[in-house]
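Worksheet for the structure shown next.
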Amino acid sequence: MRIVVAHNRYREAQPSGENTIVDSEMAQLTAAGVEVLPFIRSSDEIPSMSKAAKALLPISPIWAPRAQQDLSRLLTEHRPDVLHLHNPYPLISPWVVRTAHRHGVPVVQTVHNYRQVCSSGIYFRDGVICQDCKGRALGVPAIKHRCYRDSAAQSALMATTLAVHRGTWRSVDRYVALTSAIADHLRDYGIPDERIVVKPNSVPDPGRPTPLGDGFLYMARLSPEKGVDLLLDAWRRHPVGTLGTLRIAGDGELRPLVESAAAERPDVVYLGQLDRAGVRAAVEASAVVIAASMWHDVLPTVIIEALASGRPVLGTALGGIPYLVGADAPHEPAGTGPAAAASAVASPVASEVASPVAPRVAGGGSPMPTGTGLGDAGWVVAPEPAALAAALPIARAGAPALAGAARARYERTFHPDVVTKQLIDIYAGLARTPTRA
């Protein structure tokens, strides 16, 4: 089987989980015997481009002529079975879907964000979930609020791109939805069920989990949508030392807030930006990993890393987080409904999700408080300081009971062997299906 993987890499100066996942997925496919033909562009190429190439940049999200020419040559020469698209912006363009179809090559796209509808891709603006562009022919609110790169001009270009390529996206042969929430988003966008497959990302197996450490680990970009300020607000509602140590890793605009908290309380430790060895050590030193996202976070890789190491997760009930911890009851699709509903715990049913290991009570035997949902491998709460504060002691006490289930969920759902087989099956199904012209 021969697969073209198309991806516009994000700038290396801006750590990208998507870049890491694409690299890992290509390596896993190659190891499984698939011939992978990378069609990769990088935003780091832009500063060194010729003046003529830079002059075409404003239209490249809509139509990138050089990329289409290069891809056409690749498809003609190698005659692949499938093209698998990840991020097309800004140097590849969604037009590659049309180019592939012109050559009779079916297209798979992995959906890593909400950019079919939202110019910023994250349904989040000015500290709150935002759905203002949903259902509009043109995302005028994105232009008004400068949602893309804080530029009205670039926001206008992205909003126009999304409008122009609405038909392009609806012609994709198979969508890989990383979670059930993304599948809901695609259905709401008008993609039929038969063209959506839920297949998460994976991370390499770190091996047999070490014994649980103590306290909590938060590891993410230090920015408003990732919720580090929410976490610190919740943490301060407990006396110093009563919950063990809160370790915070990452960097970003809210770094001063974290440094101030670490100076203020001895039970808060700021680890800075970690390399792979540092990540492993931080996970092993902790008992619970926290994902405090304030947006519909699609699939935080840190959660899969936690499960792989046998660490349960305490997260907000937004986006893909309930799916990751096995607490995704029927819920409102990401990006739909009023903000209050979209920010609430997925459903009252979530708190009754049965776990094969842990009883539906807090670690000390008391009933689970209202607003805390128990899943197979962790807990989900509303993205509010009081709810998160109430869940922290529950997670600390309940971590030993869920550690084995966390690792089991990784092995069953997120292990590279499982996920790679799913992806190859998707390719094989399309390779046997006539492609739409």
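To be explicit about the labels: the chains of the structure tokens are called A, B, and onward in the order shown, and within each one the residues are counted from 1, while ligands get numbers from 1 in the order they are shown.
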Segment 268-328 of chain A near segment 124-130 of chain A within 8 Å: what's each residue's closest atom pair and its distance in Å to one decimal, counting only C-alpha atoms, ordered by chain then ascending residue number, as a tab-separated table?
```
residue	atom	partner	partner_atom	distance
A:Met294	CA	A:Val128	CA	7.4
A:Trp295	CA	A:Phe124	CA	6.0
A:His296	CA	A:Ile129	CA	7.9
```
Please identify all polymer residues within 7 Å of segment 160-165 of chain A, counting only C-alpha atoms, omitting same-chain residues fewer than 3 positions from it, and present them as a PyMOL selection string.
-> chain A and resi 61-62+94+116-117+137-138+156-157+168-169
Might you pull out every residue within 9 Å of segment 19-27 of chain A, with only C-alpha atoms counted and same-chain residues fewer than 4 positions away left off, and present them as a PyMOL selection string?
-> chain A and resi 5+7-10+12+15+31-32+36+38+86+201-204+301+416+420
Can I get the selected residues back with all heavy atoms, as a tab-separated table (two decimals), in the first residue's frame?
```tsv
chain	number	residue	atom	x	y	z
A	5	VAL	N	1.24	11.36	2.52
A	5	VAL	CA	0.86	12.10	3.72
A	5	VAL	C	1.18	13.57	3.49
A	5	VAL	O	2.34	13.94	3.31
A	5	VAL	CB	1.60	11.57	4.97
A	5	VAL	CG1	1.27	12.45	6.18
A	5	VAL	CG2	1.21	10.13	5.25
A	7	HIS	N	1.06	17.49	4.80
A	7	HIS	CA	0.97	18.26	6.05
A	7	HIS	C	1.80	19.52	5.93
A	7	HIS	O	2.96	19.48	5.50
A	7	HIS	CB	1.49	17.41	7.21
A	7	HIS	CG	1.51	18.13	8.54
A	7	HIS	ND1	0.39	18.73	9.09
A	7	HIS	CD2	2.51	18.34	9.43
A	7	HIS	CE1	0.70	19.27	10.26
A	7	HIS	NE2	1.99	19.05	10.48
A	8	ASN	N	1.20	20.65	6.30
A	8	ASN	CA	1.93	21.90	6.45
A	8	ASN	C	2.37	22.00	7.90
A	8	ASN	O	1.53	22.19	8.80
A	8	ASN	CB	1.04	23.09	6.07
A	8	ASN	CG	1.80	24.41	5.96
A	8	ASN	OD1	1.72	25.08	4.94
A	8	ASN	ND2	2.57	24.79	6.98
A	9	ARG	N	3.66	21.85	8.14
A	9	ARG	CA	4.17	21.88	9.51
A	9	ARG	C	4.04	23.27	10.11
A	9	ARG	O	4.26	24.29	9.44
A	9	ARG	CB	5.64	21.44	9.56
A	9	ARG	CG	5.87	20.01	9.12
A	9	ARG	CD	7.34	19.62	9.24
A	9	ARG	NE	7.76	19.57	10.63
A	9	ARG	CZ	7.60	18.52	11.43
A	9	ARG	NH1	7.02	17.42	10.95
A	9	ARG	NH2	8.01	18.54	12.68
A	10	TYR	N	3.67	23.30	11.38
A	10	TYR	CA	3.66	24.56	12.12
A	10	TYR	C	5.10	24.96	12.44
A	10	TYR	O	6.02	24.14	12.42
A	10	TYR	CB	2.85	24.41	13.40
A	10	TYR	CG	1.39	24.12	13.16
A	10	TYR	CD1	0.93	22.80	13.06
A	10	TYR	CD2	0.47	25.14	13.01
A	10	TYR	CE1	-0.41	22.52	12.82
A	10	TYR	CE2	-0.88	24.87	12.77
A	10	TYR	CZ	-1.31	23.56	12.68
A	10	TYR	OH	-2.63	23.28	12.43
A	12	GLU	N	8.56	25.65	14.03
A	12	GLU	CA	9.25	24.89	15.07
A	12	GLU	C	9.39	25.71	16.36
A	12	GLU	O	9.50	25.15	17.44
A	12	GLU	CB	10.63	24.45	14.59
A	12	GLU	CG	10.59	23.44	13.44
A	12	GLU	CD	9.84	22.16	13.81
A	12	GLU	OE1	9.91	21.75	14.98
A	12	GLU	OE2	9.17	21.60	12.92
A	15	PRO	N	5.90	25.03	19.70
A	15	PRO	CA	5.75	23.58	19.86
A	15	PRO	C	4.38	23.12	19.39
A	15	PRO	O	3.35	23.68	19.75
A	15	PRO	CB	5.92	23.38	21.37
A	15	PRO	CG	6.77	24.54	21.83
A	15	PRO	CD	6.35	25.69	20.95
A	31	ALA	N	6.75	1.34	9.74
A	31	ALA	CA	7.10	0.13	10.47
A	31	ALA	C	6.11	-1.00	10.19
A	31	ALA	O	6.47	-2.19	10.26
A	31	ALA	CB	7.15	0.42	11.96
A	32	ALA	N	4.87	-0.65	9.85
A	32	ALA	CA	3.85	-1.65	9.55
A	32	ALA	C	3.88	-2.11	8.09
A	32	ALA	O	3.04	-2.90	7.67
A	32	ALA	CB	2.47	-1.09	9.89
A	36	VAL	N	5.18	5.15	2.66
A	36	VAL	CA	4.73	6.51	2.96
A	36	VAL	C	5.51	7.49	2.09
A	36	VAL	O	6.74	7.51	2.10
A	36	VAL	CB	4.91	6.84	4.44
A	36	VAL	CG1	4.53	8.30	4.71
A	36	VAL	CG2	4.07	5.91	5.32
A	38	PRO	N	5.97	11.33	1.90
A	38	PRO	CA	5.66	12.60	2.56
A	38	PRO	C	5.51	13.73	1.54
A	38	PRO	O	6.34	13.89	0.65
A	38	PRO	CB	6.87	12.83	3.47
A	38	PRO	CG	7.59	11.51	3.54
A	38	PRO	CD	7.31	10.84	2.24
A	86	HIS	N	-3.41	16.33	6.61
A	86	HIS	CA	-3.51	16.84	7.98
A	86	HIS	C	-3.76	18.35	7.88
A	86	HIS	O	-4.83	18.77	7.48
A	86	HIS	CB	-2.26	16.48	8.77
A	86	HIS	CG	-2.14	15.01	9.06
A	86	HIS	ND1	-2.70	14.42	10.17
A	86	HIS	CD2	-1.55	14.01	8.35
A	86	HIS	CE1	-2.46	13.12	10.14
A	86	HIS	NE2	-1.77	12.84	9.05
A	201	ASN	N	-5.36	9.51	18.19
A	201	ASN	CA	-3.91	9.43	18.04
A	201	ASN	C	-3.36	8.42	19.03
A	201	ASN	O	-4.07	7.92	19.92
A	201	ASN	CB	-3.28	10.80	18.31
A	201	ASN	CG	-3.65	11.82	17.26
A	201	ASN	OD1	-3.89	11.49	16.11
A	201	ASN	ND2	-3.73	13.08	17.66
A	202	SER	N	-2.08	8.15	18.90
A	202	SER	CA	-1.42	7.27	19.85
A	202	SER	C	-0.09	7.89	20.26
A	202	SER	O	0.37	8.87	19.65
A	202	SER	CB	-1.16	5.88	19.23
A	202	SER	OG	-0.23	5.99	18.16
A	203	VAL	N	0.50	7.35	21.29
A	203	VAL	CA	1.87	7.71	21.67
A	203	VAL	C	2.63	6.41	21.87
A	203	VAL	O	2.04	5.37	22.16
A	203	VAL	CB	1.92	8.57	22.97
A	203	VAL	CG1	1.17	9.88	22.78
A	203	VAL	CG2	1.37	7.79	24.16
A	204	PRO	N	3.96	6.43	21.71
A	204	PRO	CA	4.74	5.21	21.90
A	204	PRO	C	4.54	4.63	23.30
A	204	PRO	O	4.35	5.36	24.28
A	204	PRO	CB	6.18	5.67	21.69
A	204	PRO	CG	6.06	6.89	20.82
A	204	PRO	CD	4.79	7.56	21.26
A	301	THR	N	-2.60	15.44	23.87
A	301	THR	CA	-1.69	14.30	23.87
A	301	THR	C	-1.23	13.95	25.27
A	301	THR	O	-0.97	12.78	25.58
A	301	THR	CB	-0.47	14.61	22.97
A	301	THR	OG1	-0.94	14.92	21.65
A	301	THR	CG2	0.47	13.42	22.88
A	416	PRO	N	-0.09	2.22	19.82
A	416	PRO	CA	0.23	2.34	18.39
A	416	PRO	C	-0.21	1.14	17.56
A	416	PRO	O	-0.65	1.31	16.41
A	416	PRO	CB	1.76	2.50	18.37
A	416	PRO	CG	2.08	3.10	19.70
A	416	PRO	CD	1.09	2.53	20.66
A	420	THR	N	-2.66	2.10	14.57
A	420	THR	CA	-2.11	1.94	13.23
A	420	THR	C	-2.94	0.96	12.41
A	420	THR	O	-3.19	1.17	11.21
A	420	THR	CB	-0.64	1.49	13.29
A	420	THR	OG1	0.11	2.44	14.06
A	420	THR	CG2	-0.04	1.39	11.90
```
Shell of 10 Å around Arg247 of chain A, only C-alpha atoms, local chain residues under 3 positions omitted, as a VMD selection string | chain A and resid 215 to 219 244 262 267 to 272 282 to 283 285 to 286 289 to 290
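Using only C-alpha atoms, the nearest neighbour of Ser42 of chain A within the list A:Ala377, A:Ala234, A:Val4, A:Pro88 is A:Pro88.
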Every residue of segment 4-95 of chain A that DSSP places in helix (DSSP H, G or I), as an MDAnalysis selection string | chainID A and resid 17:31 43:48 51:55 57:59 65:78 95
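With distances restricted to only C-alpha atoms, A:Cys133 is the closest residue to Cys118 of chain A from A:Ala395, A:Ala277, A:Val288, A:Cys133.
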Tell me which protein, DNA and RNA residues are within 7 Å of Asp376 of chain A, counting only C-alpha atoms, leaving out same-chain ones fewer than 6 positions away, and put them as a PyMOL selection string.
-> chain A and resi 325-327+355+405
Nearest to Glu18 of chain A by atom-to-atom distance, counting only C-alpha atoms, from A:Val111, A:Leu257, A:Val198, A:Leu231 |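 Ranking A:Val111, A:Leu257, A:Val198, A:Leu231 by distance to Glu18 of chain A, first place goes to A:Val111.
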re atom CA of Arg265 of chain A and atom CA of Pro239 of chain A: distance 9.8 Å
Which residues, written as a ChimeraX atom specification, have at least one atom at most 10 Å from Arg98 of chain A, with only C-alpha atoms counted and residues fewer than 5 positions away on the same chain left out?
-> /A:68,103-107,168-169,171-172,437
Please produce an output containing all heavy atoms for each residue in the selection, written as a short mmCIF file (atom, residue, chain, number, x, y, z; two decimals), in the first residue's frame.
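What ended up in result-v3.cif:
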```
data_model
loop_
_atom_site.label_atom_id
_atom_site.label_comp_id
_atom_site.auth_asym_id
_atom_site.auth_seq_id
_atom_site.Cartn_x
_atom_site.Cartn_y
_atom_site.Cartn_z
N GLN A 68 0.12 22.61 -5.79
CA GLN A 68 -0.71 21.76 -6.65
C GLN A 68 0.14 21.15 -7.78
O GLN A 68 -0.03 19.97 -8.12
CB GLN A 68 -1.87 22.56 -7.24
CG GLN A 68 -2.71 23.32 -6.23
CD GLN A 68 -3.01 22.56 -4.95
OE1 GLN A 68 -3.48 21.42 -4.98
NE2 GLN A 68 -2.72 23.18 -3.81
N HIS A 103 -6.81 13.21 -10.01
CA HIS A 103 -5.94 12.08 -10.34
C HIS A 103 -6.56 10.74 -9.93
O HIS A 103 -5.89 9.71 -10.02
CB HIS A 103 -4.58 12.25 -9.67
CG HIS A 103 -3.70 13.28 -10.31
ND1 HIS A 103 -2.74 12.96 -11.25
CD2 HIS A 103 -3.65 14.62 -10.16
CE1 HIS A 103 -2.13 14.08 -11.65
NE2 HIS A 103 -2.66 15.10 -10.99
N GLY A 104 -7.80 10.77 -9.46
CA GLY A 104 -8.46 9.53 -9.07
C GLY A 104 -7.98 8.96 -7.75
O GLY A 104 -8.14 7.76 -7.49
N VAL A 105 -7.39 9.79 -6.91
CA VAL A 105 -6.86 9.35 -5.62
C VAL A 105 -7.82 9.77 -4.51
O VAL A 105 -8.11 10.97 -4.36
CB VAL A 105 -5.46 9.95 -5.36
CG1 VAL A 105 -4.94 9.52 -3.99
CG2 VAL A 105 -4.49 9.52 -6.46
N PRO A 106 -8.33 8.82 -3.71
CA PRO A 106 -9.22 9.19 -2.61
C PRO A 106 -8.47 9.91 -1.50
O PRO A 106 -7.25 9.75 -1.35
CB PRO A 106 -9.77 7.84 -2.13
CG PRO A 106 -8.74 6.83 -2.54
CD PRO A 106 -8.14 7.36 -3.81
N VAL A 107 -9.20 10.70 -0.73
CA VAL A 107 -8.59 11.55 0.30
C VAL A 107 -9.15 11.24 1.68
O VAL A 107 -10.37 11.14 1.87
CB VAL A 107 -8.83 13.05 -0.02
CG1 VAL A 107 -8.27 13.94 1.10
CG2 VAL A 107 -8.20 13.42 -1.36
N THR A 168 -15.28 21.76 -0.96
CA THR A 168 -14.08 20.91 -0.96
C THR A 168 -14.09 19.98 0.24
O THR A 168 -13.87 18.76 0.12
CB THR A 168 -12.81 21.78 -0.93
OG1 THR A 168 -12.85 22.72 -2.01
CG2 THR A 168 -11.56 20.93 -1.02
N TRP A 169 -14.35 20.56 1.42
CA TRP A 169 -14.35 19.74 2.63
C TRP A 169 -15.44 18.68 2.59
O TRP A 169 -15.25 17.56 3.08
CB TRP A 169 -14.51 20.62 3.87
CG TRP A 169 -13.33 21.48 4.17
CD1 TRP A 169 -13.33 22.82 4.46
CD2 TRP A 169 -11.96 21.08 4.23
NE1 TRP A 169 -12.07 23.27 4.67
CE2 TRP A 169 -11.19 22.23 4.55
CE3 TRP A 169 -11.29 19.87 4.03
CZ2 TRP A 169 -9.80 22.19 4.68
CZ3 TRP A 169 -9.91 19.83 4.16
CH2 TRP A 169 -9.18 20.98 4.48
N SER A 171 -16.32 17.08 0.09
CA SER A 171 -15.98 16.05 -0.89
C SER A 171 -14.93 15.07 -0.38
O SER A 171 -14.61 14.10 -1.08
CB SER A 171 -15.49 16.71 -2.19
OG SER A 171 -14.16 17.19 -2.04
N VAL A 172 -14.38 15.32 0.80
CA VAL A 172 -13.37 14.41 1.36
C VAL A 172 -13.98 13.02 1.51
O VAL A 172 -15.11 12.87 1.99
CB VAL A 172 -12.84 14.95 2.71
CG1 VAL A 172 -12.01 13.89 3.43
CG2 VAL A 172 -12.02 16.21 2.49
N ALA A 437 -15.35 12.07 -8.71
CA ALA A 437 -14.60 12.93 -9.63
C ALA A 437 -14.51 14.32 -9.07
O ALA A 437 -15.41 14.76 -8.37
CB ALA A 437 -15.27 12.96 -10.98
#
```
Which distance in Å separates atom CA of Ser151 of chain A and atom CA of Ser119 of chain A, to one decimal?
->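 If I compute the distance from atom CA of Ser151 of chain A to atom CA of Ser119 of chain A, I get 11.4 Å.
Interatomic distance, atom CA of Ser120 of chain A to atom CA of Tyr323 of chain A: 23.0 Å.
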Segment 401-403 of chain A surroundings by only C-alpha atoms, 6 Å radius, close-in-sequence under 5 positions cut, as JSON, numbers by chain | {"A": [310, 311, 312, 358, 377]}
Please dump the current selection as an mmCIF file, in the first residue's frame; keep C-alpha atoms.
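And here's result.cif as it stands now:
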```
data_model
loop_
_atom_site.group_PDB
_atom_site.id
_atom_site.type_symbol
_atom_site.label_atom_id
_atom_site.label_comp_id
_atom_site.auth_asym_id
_atom_site.auth_seq_id
_atom_site.Cartn_x
_atom_site.Cartn_y
_atom_site.Cartn_z
ATOM 1 C CA GLY A 310 -0.854 4.299 34.289
ATOM 2 C CA ARG A 311 -1.787 7.755 35.598
ATOM 3 C CA PRO A 312 -5.499 8.620 35.773
ATOM 4 C CA ALA A 358 -13.366 1.870 40.611
ATOM 5 C CA ALA A 377 -9.614 6.224 33.558
#
```
